[in-house]
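A.B. asks: Dropping a structure here in structure tokens format, bear with me for questions.
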There are 2 protein chains.
Amino acid sequence: MGHTGFEPVTSALSRRHSEPTELMTQKDSKINKLVLITLCLYFHTMIYYSRDDIDNLDKIFRLNMINSCTGFKSANLLATKSTNGKTNVAVFSSITHLGSNPPLIGFILRPTTVPRDTYKNIKDTGVFTVNHITKNQVEDAHHTSAKYSSDISEFDKTELEEEYLDNFHAPYVKNCNVKLGCKFLEEYYIKENDTLMLVSEIMHIYIIDNKIQEKDGWLNLQTAKSVTINGLDGYLSAKLINRFPYARPKKS
Amino acid sequence: MGHTGFEPVTSALSRRHSEPTELMTQKDSKINKLVLITLCLYFHTMIYYSRDDIDNLDKIFRLNMINSCTGFKSANLLATKSTNGKTNVAVFSSITHLGSNPPLIGFILRPTTVPRDTYKNIKDTGVFTVNHITKNQVEDAHHTSAKYSSDISEFDKTELEEEYLDNFHAPYVKNCNVKLGCKFLEEYYIKENDTLMLVSEIMHIYIIDNKIQEKDGWLNLQTAKSVTINGLDGYLSAKLINRFPYARPKKS
């Protein structure tokens, strides 16, 4: 278990036992108590998890913590249609920018746990859509993570609606304000945890309202009402603090 | 160039010519004008980019659009120290959760464009830290993207401060509220755009204040004041809309 300077540090497995009151009872003098209380109030109580702590955690606790410890994630609905016409839509928080020229995106699939409909449809048809989840869709978007059998479309179990644009095989999701039509390119097997990273290229971009795009091409995702995901199940709206110019080295 | 139903759709290369006023002057009757105005107000003006449009865009415009079209990104400072003791810290928006057991993260490196210090230090020493950027650090965090030569530490050019915890070789960033100590495991070459995905495992987690973590393990990133990135240069704070329980199929 680690510690740092004056800051009381508690490990995952002992944190319930390290509240200020308990620390204080270990001291005799009232002055020491007062110093500790002041330090605790000033420095807060840091929590520390070693790798052993993490490996020994309850499964759900670990899932919640590790899923939220890398920061905010993108919040998208990935929609596909099978070769026999059955649609599928599922929430994905791992869609990541890979490069702009060519326009590439990546996302992670867990073939053993995630419903295989999305993966099968992408491999069979080569295409899928990525649709930004907006504020008023979060409840339905989250519900797409329920494990339905492959003969049931999540579009039928939620208020989410299919939308077909420009003869693209995969459905877009109506009322999402930013939508991408994508073509599968390659999959990479990540041996460290038996997952796949799928690399795909962007073929179509729809921006529902021209107010979302600035003159320099930037999409204002706050204007788009796109949300972000915290962990497995937290959905948040975002508010711009600032945009900064291209950073150049300081002379001094 | 695509179009969809009644919604006026403009392509990247013609959008300046498709404002409502111009559409209207193409019509003779006042009634038609009124119908068009109503439709425009009701449906807004959608923007569409085909793949050809994207490939023909100005480079900066494309960078801004493609970097923002996948949704919000994580906002982290990745810190390393070379074998001869020189530190390095750089903003990364591609750090992504890969799995919880074992706790794995991935991020993307562009060996040809991104400063190589981070990559070289990780390969030489095997370790690095991931530090959530907080609201009051956004300007300094963004400045770490400036291209300094490898003999200059971004810690010396910003107000960001190094912090060493539990004898970990790489520095953490002081005043970041969530910090991960990570160990490099493997790199995957993405041939589609000549980038690398680095897979690493989490060895240490520091949460600066126990108020950030809920009883079920979830880190409340709003409480942590962690920010999210929009595109290349937009930094946003986030506000929780809702957390949802584990989704189960609806019976009906």
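Numbering starts fresh at 1 for the residues of each chain in the structure tokens, the chains themselves are lettered A, B, ... in the order given, and ligands are numbered from 1 as they appear.
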List every residue of segment 61-230 of chain A that DSSP, applied to the backbone of this structure, places in alpha helix (DSSP H), and write the result as number ranges by chain.
C.D. replies: A: 61-68, 117-125, 138-143, 154-157
A.B. asks: If chain A is fitted onto chain B by least squares over all C-alpha atoms, taken pair by pair in sequence order, what do its new coordinates look like as a PDB file with C-alpha atoms, in the first residue's frame?
C.D. replies:
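Wrote it out as result.pdb, contents follow:
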ATOM      1  CA  MET A   1     -24.125  14.721 -52.738  1.00  0.00           C
ATOM      2  CA  GLY A   2     -26.865  13.126 -50.680  1.00  0.00           C
ATOM      3  CA  HIS A   3     -30.286  14.346 -49.663  1.00  0.00           C
ATOM      4  CA  THR A   4     -33.011  13.088 -47.421  1.00  0.00           C
ATOM      5  CA  GLY A   5     -36.716  13.716 -47.565  1.00  0.00           C
ATOM      6  CA  PHE A   6     -37.629  17.355 -47.167  1.00  0.00           C
ATOM      7  CA  GLU A   7     -34.409  18.328 -45.474  1.00  0.00           C
ATOM      8  CA  PRO A   8     -32.208  20.595 -47.596  1.00  0.00           C
ATOM      9  CA  VAL A   9     -28.798  18.957 -47.615  1.00  0.00           C
ATOM     10  CA  THR A  10     -25.612  20.775 -48.568  1.00  0.00           C
ATOM     11  CA  SER A  11     -22.257  19.257 -49.396  1.00  0.00           C
ATOM     12  CA  ALA A  12     -18.965  20.391 -47.956  1.00  0.00           C
ATOM     13  CA  LEU A  13     -17.916  22.015 -51.180  1.00  0.00           C
ATOM     14  CA  SER A  14     -21.175  23.740 -51.975  1.00  0.00           C
ATOM     15  CA  ARG A  15     -22.509  24.725 -48.568  1.00  0.00           C
ATOM     16  CA  ARG A  16     -21.748  28.390 -48.957  1.00  0.00           C
ATOM     17  CA  HIS A  17     -24.030  28.372 -51.983  1.00  0.00           C
ATOM     18  CA  SER A  18     -26.930  26.648 -50.364  1.00  0.00           C
ATOM     19  CA  GLU A  19     -28.200  29.158 -47.852  1.00  0.00           C
ATOM     20  CA  PRO A  20     -32.012  29.467 -47.762  1.00  0.00           C
ATOM     21  CA  THR A  21     -31.995  32.756 -49.712  1.00  0.00           C
ATOM     22  CA  GLU A  22     -30.294  31.144 -52.687  1.00  0.00           C
ATOM     23  CA  LEU A  23     -32.566  28.125 -52.651  1.00  0.00           C
ATOM     24  CA  MET A  24     -35.511  30.514 -52.655  1.00  0.00           C
ATOM     25  CA  THR A  25     -34.399  32.523 -55.648  1.00  0.00           C
ATOM     26  CA  GLN A  26     -34.658  29.337 -57.675  1.00  0.00           C
ATOM     27  CA  LYS A  27     -38.402  29.387 -57.175  1.00  0.00           C
ATOM     28  CA  ASP A  28     -40.884  31.663 -58.886  1.00  0.00           C
ATOM     29  CA  SER A  29     -43.962  31.763 -56.767  1.00  0.00           C
ATOM     30  CA  LYS A  30     -44.175  33.517 -53.428  1.00  0.00           C
ATOM     31  CA  ILE A  31     -46.037  30.568 -51.995  1.00  0.00           C
ATOM     32  CA  ASN A  32     -43.153  28.250 -52.843  1.00  0.00           C
ATOM     33  CA  LYS A  33     -40.783  30.697 -51.138  1.00  0.00           C
ATOM     34  CA  LEU A  34     -42.899  30.685 -48.016  1.00  0.00           C
ATOM     35  CA  VAL A  35     -43.059  26.888 -47.969  1.00  0.00           C
ATOM     36  CA  LEU A  36     -39.264  26.675 -48.331  1.00  0.00           C
ATOM     37  CA  ILE A  37     -38.608  29.204 -45.566  1.00  0.00           C
ATOM     38  CA  THR A  38     -40.927  27.294 -43.257  1.00  0.00           C
ATOM     39  CA  LEU A  39     -39.258  23.989 -44.127  1.00  0.00           C
ATOM     40  CA  CYS A  40     -35.771  25.440 -43.608  1.00  0.00           C
ATOM     41  CA  LEU A  41     -36.697  26.864 -40.217  1.00  0.00           C
ATOM     42  CA  TYR A  42     -38.387  23.627 -39.189  1.00  0.00           C
ATOM     43  CA  PHE A  43     -35.799  21.158 -40.434  1.00  0.00           C
ATOM     44  CA  HIS A  44     -32.661  23.323 -40.077  1.00  0.00           C
ATOM     45  CA  THR A  45     -29.998  22.907 -42.726  1.00  0.00           C
ATOM     46  CA  MET A  46     -28.274  19.561 -42.734  1.00  0.00           C
ATOM     47  CA  ILE A  47     -24.676  19.377 -43.905  1.00  0.00           C
ATOM     48  CA  TYR A  48     -23.472  16.311 -45.792  1.00  0.00           C
ATOM     49  CA  TYR A  49     -19.916  15.261 -46.658  1.00  0.00           C
ATOM     50  CA  SER A  50     -19.270  12.406 -49.043  1.00  0.00           C
ATOM     51  CA  ARG A  51     -15.919  10.628 -48.923  1.00  0.00           C
ATOM     52  CA  ASP A  52     -14.856  12.622 -51.989  1.00  0.00           C
ATOM     53  CA  ASP A  53     -15.787  15.854 -50.204  1.00  0.00           C
ATOM     54  CA  ILE A  54     -13.700  14.802 -47.183  1.00  0.00           C
ATOM     55  CA  ASP A  55     -10.677  13.869 -49.291  1.00  0.00           C
ATOM     56  CA  ASN A  56     -10.810  17.218 -51.113  1.00  0.00           C
ATOM     57  CA  LEU A  57     -11.098  19.403 -48.010  1.00  0.00           C
ATOM     58  CA  ASP A  58      -8.479  21.850 -46.808  1.00  0.00           C
ATOM     59  CA  LYS A  59      -6.136  19.966 -44.442  1.00  0.00           C
ATOM     60  CA  ILE A  60      -6.920  21.992 -41.288  1.00  0.00           C
ATOM     61  CA  PHE A  61     -10.667  21.908 -41.947  1.00  0.00           C
ATOM     62  CA  ARG A  62     -10.508  18.120 -42.338  1.00  0.00           C
ATOM     63  CA  LEU A  63      -8.351  17.720 -39.198  1.00  0.00           C
ATOM     64  CA  ASN A  64     -10.859  19.723 -37.150  1.00  0.00           C
ATOM     65  CA  MET A  65     -13.900  17.900 -38.500  1.00  0.00           C
ATOM     66  CA  ILE A  66     -12.604  14.319 -38.435  1.00  0.00           C
ATOM     67  CA  ASN A  67     -11.095  14.790 -34.985  1.00  0.00           C
ATOM     68  CA  SER A  68     -14.460  15.892 -33.605  1.00  0.00           C
ATOM     69  CA  CYS A  69     -16.859  13.606 -35.502  1.00  0.00           C
ATOM     70  CA  THR A  70     -16.377  10.505 -33.336  1.00  0.00           C
ATOM     71  CA  GLY A  71     -17.577  12.255 -30.170  1.00  0.00           C
ATOM     72  CA  PHE A  72     -15.949  13.250 -26.917  1.00  0.00           C
ATOM     73  CA  LYS A  73     -12.512  11.961 -25.963  1.00  0.00           C
ATOM     74  CA  SER A  74     -10.615  11.309 -22.758  1.00  0.00           C
ATOM     75  CA  ALA A  75      -8.285  14.107 -21.640  1.00  0.00           C
ATOM     76  CA  ASN A  76      -5.069  12.856 -20.088  1.00  0.00           C
ATOM     77  CA  LEU A  77      -1.505  13.914 -19.481  1.00  0.00           C
ATOM     78  CA  LEU A  78       0.890  11.097 -20.271  1.00  0.00           C
ATOM     79  CA  ALA A  79       4.150  11.497 -18.382  1.00  0.00           C
ATOM     80  CA  THR A  80       7.439   9.638 -18.828  1.00  0.00           C
ATOM     81  CA  LYS A  81      11.083   9.884 -17.775  1.00  0.00           C
ATOM     82  CA  SER A  82      14.015   8.928 -19.988  1.00  0.00           C
ATOM     83  CA  THR A  83      16.779   6.595 -18.852  1.00  0.00           C
ATOM     84  CA  ASN A  84      18.991   9.658 -18.282  1.00  0.00           C
ATOM     85  CA  GLY A  85      16.384  11.384 -16.128  1.00  0.00           C
ATOM     86  CA  LYS A  86      14.720  13.845 -18.534  1.00  0.00           C
ATOM     87  CA  THR A  87      10.972  14.075 -17.992  1.00  0.00           C
ATOM     88  CA  ASN A  88       8.303  14.514 -20.621  1.00  0.00           C
ATOM     89  CA  VAL A  89       4.577  15.221 -20.379  1.00  0.00           C
ATOM     90  CA  ALA A  90       2.099  15.405 -23.253  1.00  0.00           C
ATOM     91  CA  VAL A  91      -1.657  15.679 -23.717  1.00  0.00           C
ATOM     92  CA  PHE A  92      -3.346  12.543 -25.135  1.00  0.00           C
ATOM     93  CA  SER A  93      -6.972  12.246 -26.204  1.00  0.00           C
ATOM     94  CA  SER A  94      -6.907   8.639 -27.428  1.00  0.00           C
ATOM     95  CA  ILE A  95      -6.518   6.738 -24.165  1.00  0.00           C
ATOM     96  CA  THR A  96      -9.236   4.089 -24.116  1.00  0.00           C
ATOM     97  CA  HIS A  97     -10.412   1.344 -21.821  1.00  0.00           C
ATOM     98  CA  LEU A  98      -9.614  -2.092 -23.245  1.00  0.00           C
ATOM     99  CA  GLY A  99     -10.672  -4.387 -20.436  1.00  0.00           C
ATOM    100  CA  SER A 100     -11.017  -4.665 -16.668  1.00  0.00           C
ATOM    101  CA  ASN A 101      -9.527  -8.055 -15.861  1.00  0.00           C
ATOM    102  CA  PRO A 102      -6.631  -7.659 -16.422  1.00  0.00           C
ATOM    103  CA  PRO A 103      -6.924  -3.840 -16.264  1.00  0.00           C
ATOM    104  CA  LEU A 104      -5.778  -2.764 -19.743  1.00  0.00           C
ATOM    105  CA  ILE A 105      -5.701   0.511 -21.621  1.00  0.00           C
ATOM    106  CA  GLY A 106      -4.787   1.427 -25.184  1.00  0.00           C
ATOM    107  CA  PHE A 107      -3.744   4.591 -26.980  1.00  0.00           C
ATOM    108  CA  ILE A 108      -2.673   5.654 -30.440  1.00  0.00           C
ATOM    109  CA  LEU A 109       0.730   7.034 -31.423  1.00  0.00           C
ATOM    110  CA  ARG A 110       1.701   8.585 -34.744  1.00  0.00           C
ATOM    111  CA  PRO A 111       5.429   7.804 -34.837  1.00  0.00           C
ATOM    112  CA  THR A 112       6.036  10.101 -37.791  1.00  0.00           C
ATOM    113  CA  THR A 113       4.335  13.238 -36.475  1.00  0.00           C
ATOM    114  CA  VAL A 114       4.023  13.072 -32.694  1.00  0.00           C
ATOM    115  CA  PRO A 115       7.178  13.970 -30.724  1.00  0.00           C
ATOM    116  CA  ARG A 116       8.987  10.706 -30.219  1.00  0.00           C
ATOM    117  CA  ASP A 117      10.059  11.385 -26.615  1.00  0.00           C
ATOM    118  CA  THR A 118       6.987   9.726 -25.137  1.00  0.00           C
ATOM    119  CA  TYR A 119       7.335   6.641 -27.312  1.00  0.00           C
ATOM    120  CA  LYS A 120      11.105   6.321 -26.787  1.00  0.00           C
ATOM    121  CA  ASN A 121      10.786   6.714 -23.004  1.00  0.00           C
ATOM    122  CA  ILE A 122       8.026   4.106 -22.829  1.00  0.00           C
ATOM    123  CA  LYS A 123      10.023   1.637 -24.911  1.00  0.00           C
ATOM    124  CA  ASP A 124      13.236   2.305 -22.938  1.00  0.00           C
ATOM    125  CA  THR A 125      11.783   2.264 -19.415  1.00  0.00           C
ATOM    126  CA  GLY A 126       8.568   0.253 -19.841  1.00  0.00           C
ATOM    127  CA  VAL A 127       6.484   2.629 -17.746  1.00  0.00           C
ATOM    128  CA  PHE A 128       4.448   5.834 -17.929  1.00  0.00           C
ATOM    129  CA  THR A 129       1.675   7.569 -16.029  1.00  0.00           C
ATOM    130  CA  VAL A 130      -1.811   8.656 -17.113  1.00  0.00           C
ATOM    131  CA  ASN A 131      -3.175  11.720 -15.315  1.00  0.00           C
ATOM    132  CA  HIS A 132      -6.686  13.151 -15.737  1.00  0.00           C
ATOM    133  CA  ILE A 133      -6.590  16.773 -16.830  1.00  0.00           C
ATOM    134  CA  THR A 134      -8.660  18.900 -14.471  1.00  0.00           C
ATOM    135  CA  LYS A 135     -10.542  22.120 -15.222  1.00  0.00           C
ATOM    136  CA  ASN A 136      -7.872  24.508 -13.969  1.00  0.00           C
ATOM    137  CA  GLN A 137      -5.076  22.773 -15.930  1.00  0.00           C
ATOM    138  CA  VAL A 138      -6.513  22.955 -19.457  1.00  0.00           C
ATOM    139  CA  GLU A 139      -4.316  25.785 -20.734  1.00  0.00           C
ATOM    140  CA  ASP A 140      -1.074  24.194 -19.518  1.00  0.00           C
ATOM    141  CA  ALA A 141      -2.245  20.760 -20.631  1.00  0.00           C
ATOM    142  CA  HIS A 142      -2.872  22.024 -24.152  1.00  0.00           C
ATOM    143  CA  HIS A 143       0.524  23.727 -24.223  1.00  0.00           C
ATOM    144  CA  THR A 144       2.234  20.336 -23.814  1.00  0.00           C
ATOM    145  CA  SER A 145       1.254  19.681 -27.453  1.00  0.00           C
ATOM    146  CA  ALA A 146       3.836  22.271 -28.571  1.00  0.00           C
ATOM    147  CA  LYS A 147       6.822  20.669 -30.290  1.00  0.00           C
ATOM    148  CA  TYR A 148       9.723  21.115 -27.882  1.00  0.00           C
ATOM    149  CA  SER A 149      13.027  19.401 -28.523  1.00  0.00           C
ATOM    150  CA  SER A 150      13.678  16.295 -26.422  1.00  0.00           C
ATOM    151  CA  ASP A 151      16.145  18.083 -24.102  1.00  0.00           C
ATOM    152  CA  ILE A 152      13.339  20.348 -22.847  1.00  0.00           C
ATOM    153  CA  SER A 153      10.787  19.091 -20.311  1.00  0.00           C
ATOM    154  CA  GLU A 154       7.242  20.383 -20.703  1.00  0.00           C
ATOM    155  CA  PHE A 155       7.171  20.438 -16.886  1.00  0.00           C
ATOM    156  CA  ASP A 156       9.640  23.346 -17.089  1.00  0.00           C
ATOM    157  CA  LYS A 157       7.555  25.235 -19.646  1.00  0.00           C
ATOM    158  CA  THR A 158       4.231  25.050 -17.789  1.00  0.00           C
ATOM    159  CA  GLU A 159       2.894  25.242 -14.243  1.00  0.00           C
ATOM    160  CA  LEU A 160       2.457  21.448 -14.274  1.00  0.00           C
ATOM    161  CA  GLU A 161       4.499  19.780 -11.524  1.00  0.00           C
ATOM    162  CA  GLU A 162       6.155  16.377 -11.332  1.00  0.00           C
ATOM    163  CA  GLU A 163       5.259  14.131  -8.434  1.00  0.00           C
ATOM    164  CA  TYR A 164       6.897  10.798  -7.567  1.00  0.00           C
ATOM    165  CA  LEU A 165       4.872   8.118  -5.815  1.00  0.00           C
ATOM    166  CA  ASP A 166       5.957   4.765  -4.424  1.00  0.00           C
ATOM    167  CA  ASN A 167       9.280   4.657  -6.293  1.00  0.00           C
ATOM    168  CA  PHE A 168       7.598   4.483  -9.710  1.00  0.00           C
ATOM    169  CA  HIS A 169      10.128   5.562 -12.365  1.00  0.00           C
ATOM    170  CA  ALA A 170       7.741   7.810 -14.302  1.00  0.00           C
ATOM    171  CA  PRO A 171       6.491  11.068 -12.768  1.00  0.00           C
ATOM    172  CA  TYR A 172       2.823  11.629 -11.992  1.00  0.00           C
ATOM    173  CA  VAL A 173       1.317  15.074 -12.508  1.00  0.00           C
ATOM    174  CA  LYS A 174       0.570  16.903  -9.270  1.00  0.00           C
ATOM    175  CA  ASN A 175      -2.992  18.178  -8.787  1.00  0.00           C
ATOM    176  CA  CYS A 176      -4.490  15.699 -11.240  1.00  0.00           C
ATOM    177  CA  ASN A 177      -7.232  13.986  -9.265  1.00  0.00           C
ATOM    178  CA  VAL A 178      -7.037  10.548 -10.881  1.00  0.00           C
ATOM    179  CA  LYS A 179      -3.628   9.078 -11.708  1.00  0.00           C
ATOM    180  CA  LEU A 180      -2.614   5.720 -13.151  1.00  0.00           C
ATOM    181  CA  GLY A 181       0.821   4.096 -13.087  1.00  0.00           C
ATOM    182  CA  CYS A 182       1.067   1.927 -16.220  1.00  0.00           C
ATOM    183  CA  LYS A 183       3.345  -0.749 -17.662  1.00  0.00           C
ATOM    184  CA  PHE A 184       3.778  -1.155 -21.418  1.00  0.00           C
ATOM    185  CA  LEU A 185       2.863  -4.594 -22.773  1.00  0.00           C
ATOM    186  CA  GLU A 186       2.631  -4.648 -26.562  1.00  0.00           C
ATOM    187  CA  GLU A 187       2.329  -2.484 -29.657  1.00  0.00           C
ATOM    188  CA  TYR A 188       0.160  -3.158 -32.682  1.00  0.00           C
ATOM    189  CA  TYR A 189       1.002  -1.605 -36.018  1.00  0.00           C
ATOM    190  CA  ILE A 190      -2.102  -0.252 -37.773  1.00  0.00           C
ATOM    191  CA  LYS A 191      -1.181  -0.533 -41.415  1.00  0.00           C
ATOM    192  CA  GLU A 192      -4.170   1.499 -42.676  1.00  0.00           C
ATOM    193  CA  ASN A 193      -2.603   4.774 -41.534  1.00  0.00           C
ATOM    194  CA  ASP A 194       0.859   3.907 -40.262  1.00  0.00           C
ATOM    195  CA  THR A 195       0.062   4.369 -36.572  1.00  0.00           C
ATOM    196  CA  LEU A 196       0.668   2.287 -33.483  1.00  0.00           C
ATOM    197  CA  MET A 197      -1.742   1.183 -30.795  1.00  0.00           C
ATOM    198  CA  LEU A 198       0.078   0.639 -27.509  1.00  0.00           C
ATOM    199  CA  VAL A 199      -1.495  -1.794 -25.057  1.00  0.00           C
ATOM    200  CA  SER A 200      -0.532  -1.327 -21.404  1.00  0.00           C
ATOM    201  CA  GLU A 201      -1.614  -2.563 -18.015  1.00  0.00           C
ATOM    202  CA  ILE A 202      -2.591  -0.511 -14.998  1.00  0.00           C
ATOM    203  CA  MET A 203      -0.308  -1.193 -12.014  1.00  0.00           C
ATOM    204  CA  HIS A 204      -1.282   1.639  -9.635  1.00  0.00           C
ATOM    205  CA  ILE A 205      -4.371   3.823  -9.220  1.00  0.00           C
ATOM    206  CA  TYR A 206      -4.414   6.989  -7.112  1.00  0.00           C
ATOM    207  CA  ILE A 207      -7.690   8.785  -6.427  1.00  0.00           C
ATOM    208  CA  ILE A 208      -6.889  12.061  -4.752  1.00  0.00           C
ATOM    209  CA  ASP A 209     -10.107  12.368  -2.743  1.00  0.00           C
ATOM    210  CA  ASN A 210     -12.323   9.536  -1.506  1.00  0.00           C
ATOM    211  CA  LYS A 211     -15.407  11.584  -2.438  1.00  0.00           C
ATOM    212  CA  ILE A 212     -14.635  10.789  -6.105  1.00  0.00           C
ATOM    213  CA  GLN A 213     -15.323   7.062  -5.705  1.00  0.00           C
ATOM    214  CA  GLU A 214     -18.822   5.678  -5.142  1.00  0.00           C
ATOM    215  CA  LYS A 215     -19.453   2.584  -3.035  1.00  0.00           C
ATOM    216  CA  ASP A 216     -19.775   0.403  -6.152  1.00  0.00           C
ATOM    217  CA  GLY A 217     -16.309   1.383  -7.392  1.00  0.00           C
ATOM    218  CA  TRP A 218     -17.439   3.947  -9.999  1.00  0.00           C
ATOM    219  CA  LEU A 219     -15.319   7.091 -10.214  1.00  0.00           C
ATOM    220  CA  ASN A 220     -17.471  10.197 -10.527  1.00  0.00           C
ATOM    221  CA  LEU A 221     -15.424  12.164 -13.055  1.00  0.00           C
ATOM    222  CA  GLN A 222     -17.544  15.266 -12.530  1.00  0.00           C
ATOM    223  CA  THR A 223     -16.546  15.265  -8.849  1.00  0.00           C
ATOM    224  CA  ALA A 224     -12.950  14.663  -9.990  1.00  0.00           C
ATOM    225  CA  LYS A 225     -13.248  17.794 -12.165  1.00  0.00           C
ATOM    226  CA  SER A 226     -11.855  15.736 -15.070  1.00  0.00           C
ATOM    227  CA  VAL A 227     -12.405  17.347 -18.462  1.00  0.00           C
ATOM    228  CA  THR A 228     -13.194  15.899 -21.875  1.00  0.00           C
ATOM    229  CA  ILE A 229     -11.757  16.853 -25.271  1.00  0.00           C
ATOM    230  CA  ASN A 230     -13.740  17.889 -28.373  1.00  0.00           C
ATOM    231  CA  GLY A 231     -11.593  17.656 -31.509  1.00  0.00           C
ATOM    232  CA  LEU A 232      -7.996  18.837 -31.334  1.00  0.00           C
ATOM    233  CA  ASP A 233      -8.294  21.841 -29.064  1.00  0.00           C
ATOM    234  CA  GLY A 234     -11.646  22.069 -27.245  1.00  0.00           C
ATOM    235  CA  TYR A 235     -11.762  21.296 -23.515  1.00  0.00           C
ATOM    236  CA  LEU A 236     -15.098  20.804 -21.743  1.00  0.00           C
ATOM    237  CA  SER A 237     -16.379  20.129 -18.261  1.00  0.00           C
ATOM    238  CA  ALA A 238     -19.135  17.544 -17.850  1.00  0.00           C
ATOM    239  CA  LYS A 239     -22.310  17.255 -15.825  1.00  0.00           C
ATOM    240  CA  LEU A 240     -24.045  14.000 -14.952  1.00  0.00           C
ATOM    241  CA  ILE A 241     -27.428  13.445 -16.601  1.00  0.00           C
ATOM    242  CA  ASN A 242     -27.994  10.013 -15.102  1.00  0.00           C
ATOM    243  CA  ARG A 243     -26.542   6.635 -14.221  1.00  0.00           C
ATOM    244  CA  PHE A 244     -28.615   3.654 -15.252  1.00  0.00           C
ATOM    245  CA  PRO A 245     -28.874   0.175 -13.772  1.00  0.00           C
ATOM    246  CA  TYR A 246     -27.572  -2.843 -15.720  1.00  0.00           C
ATOM    247  CA  ALA A 247     -29.913  -3.155 -18.746  1.00  0.00           C
ATOM    248  CA  ARG A 248     -32.045  -6.288 -19.003  1.00  0.00           C
ATOM    249  CA  PRO A 249     -34.336  -7.247 -21.936  1.00  0.00           C
ATOM    250  CA  LYS A 250     -37.932  -5.988 -21.711  1.00  0.00           C
ATOM    251  CA  LYS A 251     -40.422  -8.826 -21.404  1.00  0.00           C
ATOM    252  CA  SER A 252     -43.053  -7.318 -23.715  1.00  0.00           C
TER     253      SER A 252
END
A.B. asks: Where in segment 153-188 of chain B does DSSP assign strand (DSSP E or B), given as a tab-separated table (two decimals) with C-alpha atoms, in the first residue's frame?
C.D. replies:
chain	number	residue	atom	x	y	z
B	162	GLU	CA	6.12	16.44	-11.35
B	163	GLU	CA	5.20	14.22	-8.43
B	172	TYR	CA	2.78	11.70	-12.00
B	173	VAL	CA	1.27	15.14	-12.54
B	178	VAL	CA	-7.09	10.61	-10.91
B	179	LYS	CA	-3.66	9.14	-11.73
B	180	LEU	CA	-2.64	5.77	-13.14
B	181	GLY	CA	0.79	4.16	-13.06
B	182	CYS	CA	1.05	1.96	-16.17
B	183	LYS	CA	3.32	-0.71	-17.60
B	184	PHE	CA	3.79	-1.14	-21.35
B	185	LEU	CA	2.88	-4.58	-22.68
B	186	GLU	CA	2.66	-4.66	-26.46
B	187	GLU	CA	2.36	-2.53	-29.57
B	188	TYR	CA	0.21	-3.21	-32.61
